[in-house]
Amino acid sequence: MQKLVAAAVEGKKVFDLVVEGDQAIEAAAASVYNKKTKTGTVAKGIAFPTCISVNNVVAHFAPLMSDPQSEQVLAKGDVVKIHLGAHIDGFAATSAETLIVGATEDDPATGRAADVVKAAWTAAEAAMRYLKVGEKNYSVTEIVDKFTTIWDCKPVENMLSCQYSQNVIDGKKNIILNPGEQQRRDVASVTFAEGEVWGIDILVVSSADGKSRAENSRSTIYQRVSDVNYQLKMKTSRAVFSEAQKKSGAFPFNIRCLDDEKKARMGLLEAVQHGLVREYPVQYTAPGTLVAAFHFTIALLANGPSLITQPPVWYKPEKVKTDKEVEDETLKELLERPLRESKKAKKAKKKAAAEEDEEE
């Protein structure tokens, strides 16, 4: 992430950033856990291919060299979302953050770009503090909505965050942001439990409704659907599916990693039609709007949540200048609360409880 943030400057090609991100993950994974075990070598590599989504592109933008959009370059003031993930032995850590090209502490971003980035990060900080054992998933939905409203923004409609486990980044437990009526019925209320790991996706748009839609950009990211079995009929489909399985296993992949792009698109068509593989569509919000995203992987422990991924590399409050701030004292107190209870605080609580028992 640090390399990509540093490289995301005015004039840089989006395609080059996507390639450099995947190469960096693969190189880092190749340098660790190389000793053979009783069960063989440890699987490791990309858990989510690098995506660089700019301005009103919500997510999953990772063009191929053959795509006309591969020529897109970053411009000053662009709101750039970087999303990627890695895994070791099937245990994934995925991360995303947003930067504004050219903005610095001395020359901060202003206007709606500043608003949406500030809203997204502040909502992410609030969400972290609600991810604790015994809390409900819809509490996170509500607190994210409450914080984004401060900057006249809205969570992108129906975006899901999922529980993680080995070889799974789309578990059955979900958190949904800005749900429609049907989606609220579909996503069950669940309680967070100790030991769970979650990938939390906070996507916020500078519009009043949060709606997004697919446009003409071709999908390049796909994933095997683990609970669907189907015997592919076409020889090309079987070959492509087998190659994708060998290279990415249970995790999403960019078709750039396959040997023949043309055959890959043809072969994946049958697999997608029969639900064996899912595609990650490139979503857009309305023209003129801006989307910011922060994604983090977090473990729920007895004394509070623990971040597995690092905090944002680029974001600092001084880089975004906005007229709106958190004024509600309860919300301010939430943001000031530490993620995890310190040992000292825990001992003090136990001591106070013991003294109360003695008095009784």
# chains A, B, ... in the order shown; residues from 1 in each chain; ligands from 1
>>> select_by_dssp(residues="segment 2-127 of chain A", states="helix (DSSP H, G or I)", output="number ranges by chain")
A: 2-7, 14-30, 68-71, 111-127
>>> write_last_selection(atoms="C-alpha atoms", output="compact mmCIF listing (two decimals), in the first residue's frame")
# COMPACT_ATOMS: atom_id res chain seq x y z
CA GLN A 2 2.81 2.43 0.86
CA LYS A 3 4.38 1.96 -2.58
CA LEU A 4 1.10 2.55 -4.40
CA VAL A 5 0.20 5.63 -2.37
CA ALA A 6 3.62 7.13 -3.13
CA ALA A 7 3.23 6.28 -6.84
CA VAL A 14 -4.07 3.65 -13.57
CA PHE A 15 -3.11 0.45 -15.42
CA ASP A 16 0.51 0.74 -14.25
CA LEU A 17 -0.62 1.12 -10.63
CA VAL A 18 -2.81 -1.98 -10.89
CA VAL A 19 0.07 -4.07 -12.27
CA GLU A 20 2.59 -2.69 -9.76
CA GLY A 21 0.25 -3.47 -6.88
CA ASP A 22 -0.20 -7.12 -7.85
CA GLN A 23 3.50 -7.53 -8.51
CA ALA A 24 4.35 -6.09 -5.08
CA ILE A 25 1.98 -8.51 -3.32
CA GLU A 26 3.36 -11.51 -5.20
CA ALA A 27 6.97 -10.49 -4.52
CA ALA A 28 6.30 -10.00 -0.80
CA ALA A 29 4.44 -13.32 -0.54
CA ALA A 30 7.27 -15.14 -2.34
CA PRO A 68 -9.26 1.51 -23.87
CA GLN A 69 -9.48 2.64 -20.23
CA SER A 70 -5.97 1.35 -19.58
CA GLU A 71 -4.75 4.72 -20.91
CA GLY A 111 -14.97 21.17 -1.27
CA ARG A 112 -16.80 17.91 -1.82
CA ALA A 113 -13.59 15.89 -2.27
CA ALA A 114 -12.51 16.87 1.24
CA ASP A 115 -16.01 16.25 2.62
CA VAL A 116 -16.37 12.72 1.24
CA VAL A 117 -12.90 11.58 2.30
CA LYS A 118 -13.33 13.00 5.81
CA ALA A 119 -16.78 11.43 6.07
CA ALA A 120 -15.55 8.01 4.96
CA TRP A 121 -12.57 7.87 7.32
CA THR A 122 -14.49 9.21 10.32
CA ALA A 123 -17.27 6.67 9.66
CA ALA A 124 -14.62 3.92 9.42
CA GLU A 125 -13.20 4.94 12.80
CA ALA A 126 -16.69 4.82 14.31
CA ALA A 127 -17.40 1.42 12.75
>>> residues_around(residues="segment 331-341 of chain A", least_positions_apart="4", cutoff="9 Å", atoms="only C-alpha atoms", output="PyMOL selection string")
chain A and resi 122+125-126+128-129+147+301+303-307+326-327+345-346
>>> residues_around(residues="segment 220-226 of chain A", least_positions_apart="3", cutoff="7 Å", atoms="only C-alpha atoms", output="list of chain:residue names")
A:Ala62, A:Pro63, A:Ala250, A:Phe251, A:Pro252, A:Phe253, A:Asn254, A:Ile255, A:Leu276, A:Val277, A:Arg278, A:Glu279, A:Tyr280
>>> residues_around(residues="Ala193 of chain A", least_positions_apart="3", cutoff="7 Å", atoms="only C-alpha atoms", output="list in words")
Val133, Gly134 and Glu196 of chain A
>>> write_last_selection(atoms="N, CA and C atoms", output="PDB file, in the first residue's frame")
ATOM      1  N   VAL A 133     -17.389  -7.736  20.575  1.00  0.00           N
ATOM      2  CA  VAL A 133     -18.131  -8.941  20.932  1.00  0.00           C
ATOM      3  C   VAL A 133     -19.455  -8.563  21.596  1.00  0.00           C
ATOM      4  N   GLY A 134     -20.549  -9.157  21.092  1.00  0.00           N
ATOM      5  CA  GLY A 134     -21.872  -8.911  21.649  1.00  0.00           C
ATOM      6  C   GLY A 134     -22.665  -7.834  20.934  1.00  0.00           C
ATOM      7  N   GLU A 196     -13.900 -13.839  15.832  1.00  0.00           N
ATOM      8  CA  GLU A 196     -14.254 -13.595  14.431  1.00  0.00           C
ATOM      9  C   GLU A 196     -13.295 -12.591  13.801  1.00  0.00           C
TER      10      GLU A 196
END
>>> residues_around(residues="Thr94 of chain A", least_positions_apart="3", cutoff="8 Å", atoms="only C-alpha atoms", output="PDB file with all heavy atoms, in the first residue's frame")
ATOM      1  N   ALA A  47      -4.993 -12.019  -2.278  1.00  0.00           N
ATOM      2  CA  ALA A  47      -6.327 -12.343  -1.762  1.00  0.00           C
ATOM      3  C   ALA A  47      -7.389 -11.476  -2.432  1.00  0.00           C
ATOM      4  O   ALA A  47      -8.569 -11.842  -2.458  1.00  0.00           O
ATOM      5  CB  ALA A  47      -6.381 -12.153  -0.255  1.00  0.00           C
ATOM      6  N   PHE A  48      -6.980 -10.311  -2.922  1.00  0.00           N
ATOM      7  CA  PHE A  48      -7.859  -9.474  -3.739  1.00  0.00           C
ATOM      8  C   PHE A  48      -6.973  -8.681  -4.685  1.00  0.00           C
ATOM      9  O   PHE A  48      -6.055  -7.981  -4.235  1.00  0.00           O
ATOM     10  CB  PHE A  48      -8.714  -8.526  -2.898  1.00  0.00           C
ATOM     11  CG  PHE A  48      -9.950  -8.088  -3.627  1.00  0.00           C
ATOM     12  CD1 PHE A  48     -11.134  -8.770  -3.469  1.00  0.00           C
ATOM     13  CD2 PHE A  48      -9.910  -7.013  -4.510  1.00  0.00           C
ATOM     14  CE1 PHE A  48     -12.275  -8.382  -4.183  1.00  0.00           C
ATOM     15  CE2 PHE A  48     -11.028  -6.633  -5.220  1.00  0.00           C
ATOM     16  CZ  PHE A  48     -12.214  -7.324  -5.054  1.00  0.00           C
ATOM     17  N   HIS A  83      -7.388  -0.482  -3.535  1.00  0.00           N
ATOM     18  CA  HIS A  83      -7.929  -1.646  -2.823  1.00  0.00           C
ATOM     19  C   HIS A  83      -7.109  -2.872  -3.214  1.00  0.00           C
ATOM     20  O   HIS A  83      -6.879  -3.127  -4.400  1.00  0.00           O
ATOM     21  CB  HIS A  83      -9.397  -1.839  -3.219  1.00  0.00           C
ATOM     22  CG  HIS A  83     -10.096  -2.922  -2.459  1.00  0.00           C
ATOM     23  ND1 HIS A  83     -11.372  -3.338  -2.764  1.00  0.00           N
ATOM     24  CD2 HIS A  83      -9.704  -3.693  -1.405  1.00  0.00           C
ATOM     25  CE1 HIS A  83     -11.736  -4.308  -1.941  1.00  0.00           C
ATOM     26  NE2 HIS A  83     -10.739  -4.544  -1.112  1.00  0.00           N
ATOM     27  N   LEU A  84      -6.670  -3.635  -2.227  1.00  0.00           N
ATOM     28  CA  LEU A  84      -5.876  -4.833  -2.499  1.00  0.00           C
ATOM     29  C   LEU A  84      -5.928  -5.768  -1.298  1.00  0.00           C
ATOM     30  O   LEU A  84      -6.417  -5.402  -0.228  1.00  0.00           O
ATOM     31  CB  LEU A  84      -4.416  -4.467  -2.821  1.00  0.00           C
ATOM     32  CG  LEU A  84      -3.691  -3.486  -1.893  1.00  0.00           C
ATOM     33  CD1 LEU A  84      -3.234  -4.151  -0.609  1.00  0.00           C
ATOM     34  CD2 LEU A  84      -2.497  -2.858  -2.601  1.00  0.00           C
ATOM     35  N   GLY A  85      -5.417  -6.985  -1.473  1.00  0.00           N
ATOM     36  CA  GLY A  85      -5.393  -7.933  -0.363  1.00  0.00           C
ATOM     37  C   GLY A  85      -4.382  -9.028  -0.592  1.00  0.00           C
ATOM     38  O   GLY A  85      -4.042  -9.361  -1.731  1.00  0.00           O
ATOM     39  N   ALA A  86      -3.893  -9.603   0.506  1.00  0.00           N
ATOM     40  CA  ALA A  86      -2.930 -10.703   0.447  1.00  0.00           C
ATOM     41  C   ALA A  86      -3.366 -11.786   1.429  1.00  0.00           C
ATOM     42  O   ALA A  86      -4.131 -11.533   2.361  1.00  0.00           O
ATOM     43  CB  ALA A  86      -1.530 -10.206   0.795  1.00  0.00           C
ATOM     44  N   GLY A 199     -13.753  -8.348   7.250  1.00  0.00           N
ATOM     45  CA  GLY A 199     -13.274  -7.364   6.291  1.00  0.00           C
ATOM     46  C   GLY A 199     -14.330  -6.290   6.163  1.00  0.00           C
ATOM     47  O   GLY A 199     -15.452  -6.570   5.708  1.00  0.00           O
ATOM     48  N   HIS A 295     -11.128   0.404   3.701  1.00  0.00           N
ATOM     49  CA  HIS A 295     -11.402  -1.004   3.992  1.00  0.00           C
ATOM     50  C   HIS A 295     -10.344  -1.489   4.966  1.00  0.00           C
ATOM     51  O   HIS A 295      -9.153  -1.213   4.790  1.00  0.00           O
ATOM     52  CB  HIS A 295     -11.352  -1.823   2.692  1.00  0.00           C
ATOM     53  CG  HIS A 295     -11.644  -3.280   2.877  1.00  0.00           C
ATOM     54  ND1 HIS A 295     -12.799  -3.873   2.450  1.00  0.00           N
ATOM     55  CD2 HIS A 295     -10.911  -4.273   3.450  1.00  0.00           C
ATOM     56  CE1 HIS A 295     -12.778  -5.160   2.744  1.00  0.00           C
ATOM     57  NE2 HIS A 295     -11.636  -5.424   3.357  1.00  0.00           N
ATOM     58  N   PHE A 296     -10.762  -2.200   5.991  1.00  0.00           N
ATOM     59  CA  PHE A 296      -9.793  -2.726   6.951  1.00  0.00           C
ATOM     60  C   PHE A 296     -10.203  -4.131   7.365  1.00  0.00           C
ATOM     61  O   PHE A 296     -11.374  -4.517   7.299  1.00  0.00           O
ATOM     62  CB  PHE A 296      -9.679  -1.805   8.171  1.00  0.00           C
ATOM     63  CG  PHE A 296     -10.985  -1.491   8.851  1.00  0.00           C
ATOM     64  CD1 PHE A 296     -11.464  -2.279   9.890  1.00  0.00           C
ATOM     65  CD2 PHE A 296     -11.741  -0.388   8.464  1.00  0.00           C
ATOM     66  CE1 PHE A 296     -12.668  -1.996  10.511  1.00  0.00           C
ATOM     67  CE2 PHE A 296     -12.950  -0.086   9.088  1.00  0.00           C
ATOM     68  CZ  PHE A 296     -13.410  -0.895  10.118  1.00  0.00           C
ATOM     69  N   THR A 297      -9.218  -4.921   7.786  1.00  0.00           N
ATOM     70  CA  THR A 297      -9.448  -6.264   8.302  1.00  0.00           C
ATOM     71  C   THR A 297      -9.218  -6.219   9.804  1.00  0.00           C
ATOM     72  O   THR A 297      -8.216  -5.677  10.267  1.00  0.00           O
ATOM     73  CB  THR A 297      -8.505  -7.278   7.637  1.00  0.00           C
ATOM     74  OG1 THR A 297      -8.613  -7.162   6.214  1.00  0.00           O
ATOM     75  CG2 THR A 297      -8.859  -8.701   8.043  1.00  0.00           C
ATOM     76  N   THR A 309      -4.902  -5.030   9.502  1.00  0.00           N
ATOM     77  CA  THR A 309      -4.284  -4.182   8.481  1.00  0.00           C
ATOM     78  C   THR A 309      -3.873  -2.846   9.098  1.00  0.00           C
ATOM     79  O   THR A 309      -4.363  -2.458  10.147  1.00  0.00           O
ATOM     80  CB  THR A 309      -5.270  -3.942   7.321  1.00  0.00           C
ATOM     81  OG1 THR A 309      -6.553  -3.587   7.856  1.00  0.00           O
ATOM     82  CG2 THR A 309      -5.422  -5.207   6.477  1.00  0.00           C
TER      83      THR A 309
END
>>> closest_residue(among="A:Ala93, A:Leu258, A:Leu269, A:Ala244", to="Ile200 of chain A", atoms="only C-alpha atoms")
A:Ala93
>>> residues_around(residues="Glu157 of chain A", least_positions_apart="2", cutoff="8 Å", atoms="only C-alpha atoms", output="count of residues only")
10
>>> decode(residues="segment 29-40 of chain A", atoms="all heavy atoms", output="mmCIF file, in the first residue's frame")
data_model
loop_
_atom_site.group_PDB
_atom_site.id
_atom_site.type_symbol
_atom_site.label_atom_id
_atom_site.label_comp_id
_atom_site.auth_asym_id
_atom_site.auth_seq_id
_atom_site.Cartn_x
_atom_site.Cartn_y
_atom_site.Cartn_z
ATOM 1 N N ALA A 29 4.884 -11.980 -0.939
ATOM 2 C CA ALA A 29 4.444 -13.315 -0.537
ATOM 3 C C ALA A 29 5.515 -14.366 -0.838
ATOM 4 O O ALA A 29 5.706 -15.312 -0.064
ATOM 5 C CB ALA A 29 3.141 -13.669 -1.259
ATOM 6 N N ALA A 30 6.234 -14.178 -1.943
ATOM 7 C CA ALA A 30 7.272 -15.145 -2.338
ATOM 8 C C ALA A 30 8.454 -15.156 -1.379
ATOM 9 O O ALA A 30 9.232 -16.112 -1.350
ATOM 10 C CB ALA A 30 7.749 -14.837 -3.749
ATOM 11 N N SER A 31 8.593 -14.111 -0.579
ATOM 12 C CA SER A 31 9.760 -13.991 0.297
ATOM 13 C C SER A 31 9.547 -14.588 1.691
ATOM 14 O O SER A 31 10.461 -14.592 2.507
ATOM 15 C CB SER A 31 10.153 -12.517 0.440
ATOM 16 O OG SER A 31 9.156 -11.799 1.155
ATOM 17 N N VAL A 32 8.334 -15.100 1.956
ATOM 18 C CA VAL A 32 8.052 -15.622 3.302
ATOM 19 C C VAL A 32 7.465 -17.033 3.235
ATOM 20 O O VAL A 32 6.927 -17.437 2.214
ATOM 21 C CB VAL A 32 7.071 -14.701 4.065
ATOM 22 C CG1 VAL A 32 7.689 -13.330 4.288
ATOM 23 C CG2 VAL A 32 5.741 -14.557 3.325
ATOM 24 N N TYR A 33 7.605 -17.776 4.341
ATOM 25 C CA TYR A 33 7.033 -19.117 4.498
ATOM 26 C C TYR A 33 7.356 -20.033 3.319
ATOM 27 O O TYR A 33 6.459 -20.610 2.698
ATOM 28 C CB TYR A 33 5.508 -19.018 4.695
ATOM 29 C CG TYR A 33 5.120 -18.364 5.989
ATOM 30 C CD1 TYR A 33 4.796 -17.007 6.029
ATOM 31 C CD2 TYR A 33 5.086 -19.075 7.178
ATOM 32 C CE1 TYR A 33 4.448 -16.379 7.229
ATOM 33 C CE2 TYR A 33 4.742 -18.467 8.373
ATOM 34 C CZ TYR A 33 4.429 -17.128 8.395
ATOM 35 O OH TYR A 33 4.092 -16.521 9.573
ATOM 36 N N ASN A 34 8.635 -20.158 3.058
ATOM 37 C CA ASN A 34 9.043 -20.974 1.917
ATOM 38 C C ASN A 34 9.500 -22.381 2.291
ATOM 39 O O ASN A 34 9.792 -23.192 1.411
ATOM 40 C CB ASN A 34 10.164 -20.265 1.149
ATOM 41 C CG ASN A 34 9.646 -19.043 0.407
ATOM 42 O OD1 ASN A 34 8.588 -19.100 -0.218
ATOM 43 N ND2 ASN A 34 10.358 -17.925 0.496
ATOM 44 N N LYS A 35 9.577 -22.678 3.589
ATOM 45 C CA LYS A 35 9.951 -24.027 4.004
ATOM 46 C C LYS A 35 8.781 -24.975 3.820
ATOM 47 O O LYS A 35 7.637 -24.632 4.111
ATOM 48 C CB LYS A 35 10.396 -24.026 5.465
ATOM 49 C CG LYS A 35 11.734 -23.328 5.698
ATOM 50 C CD LYS A 35 12.147 -23.443 7.154
ATOM 51 C CE LYS A 35 13.499 -22.754 7.376
ATOM 52 N NZ LYS A 35 13.915 -22.827 8.803
ATOM 53 N N LYS A 36 9.079 -26.186 3.362
ATOM 54 C CA LYS A 36 8.016 -27.173 3.170
ATOM 55 C C LYS A 36 7.557 -27.712 4.518
ATOM 56 O O LYS A 36 8.344 -27.889 5.442
ATOM 57 C CB LYS A 36 8.503 -28.314 2.290
ATOM 58 C CG LYS A 36 8.623 -27.944 0.819
ATOM 59 C CD LYS A 36 8.868 -29.162 -0.041
ATOM 60 C CE LYS A 36 8.880 -28.786 -1.517
ATOM 61 N NZ LYS A 36 9.086 -29.972 -2.390
ATOM 62 N N THR A 37 6.278 -27.946 4.628
ATOM 63 C CA THR A 37 5.697 -28.538 5.827
ATOM 64 C C THR A 37 5.263 -29.967 5.510
ATOM 65 O O THR A 37 5.444 -30.449 4.391
ATOM 66 C CB THR A 37 4.477 -27.722 6.289
ATOM 67 O OG1 THR A 37 3.452 -27.820 5.290
ATOM 68 C CG2 THR A 37 4.847 -26.262 6.476
ATOM 69 N N LYS A 38 4.671 -30.628 6.498
ATOM 70 C CA LYS A 38 4.210 -32.006 6.288
ATOM 71 C C LYS A 38 3.137 -32.076 5.207
ATOM 72 O O LYS A 38 2.979 -33.100 4.534
ATOM 73 C CB LYS A 38 3.661 -32.567 7.593
ATOM 74 C CG LYS A 38 4.736 -32.795 8.650
ATOM 75 C CD LYS A 38 4.126 -33.343 9.925
ATOM 76 C CE LYS A 38 5.212 -33.550 10.985
ATOM 77 N NZ LYS A 38 4.639 -34.058 12.264
ATOM 78 N N THR A 39 2.407 -31.000 5.068
ATOM 79 C CA THR A 39 1.330 -30.976 4.068
ATOM 80 C C THR A 39 1.756 -30.323 2.755
ATOM 81 O O THR A 39 0.951 -30.121 1.861
ATOM 82 C CB THR A 39 0.101 -30.227 4.621
ATOM 83 O OG1 THR A 39 0.501 -28.914 5.039
ATOM 84 C CG2 THR A 39 -0.485 -30.974 5.812
ATOM 85 N N GLY A 40 3.043 -29.971 2.649
ATOM 86 C CA GLY A 40 3.550 -29.344 1.426
ATOM 87 C C GLY A 40 3.885 -27.880 1.650
ATOM 88 O O GLY A 40 4.091 -27.443 2.783
#
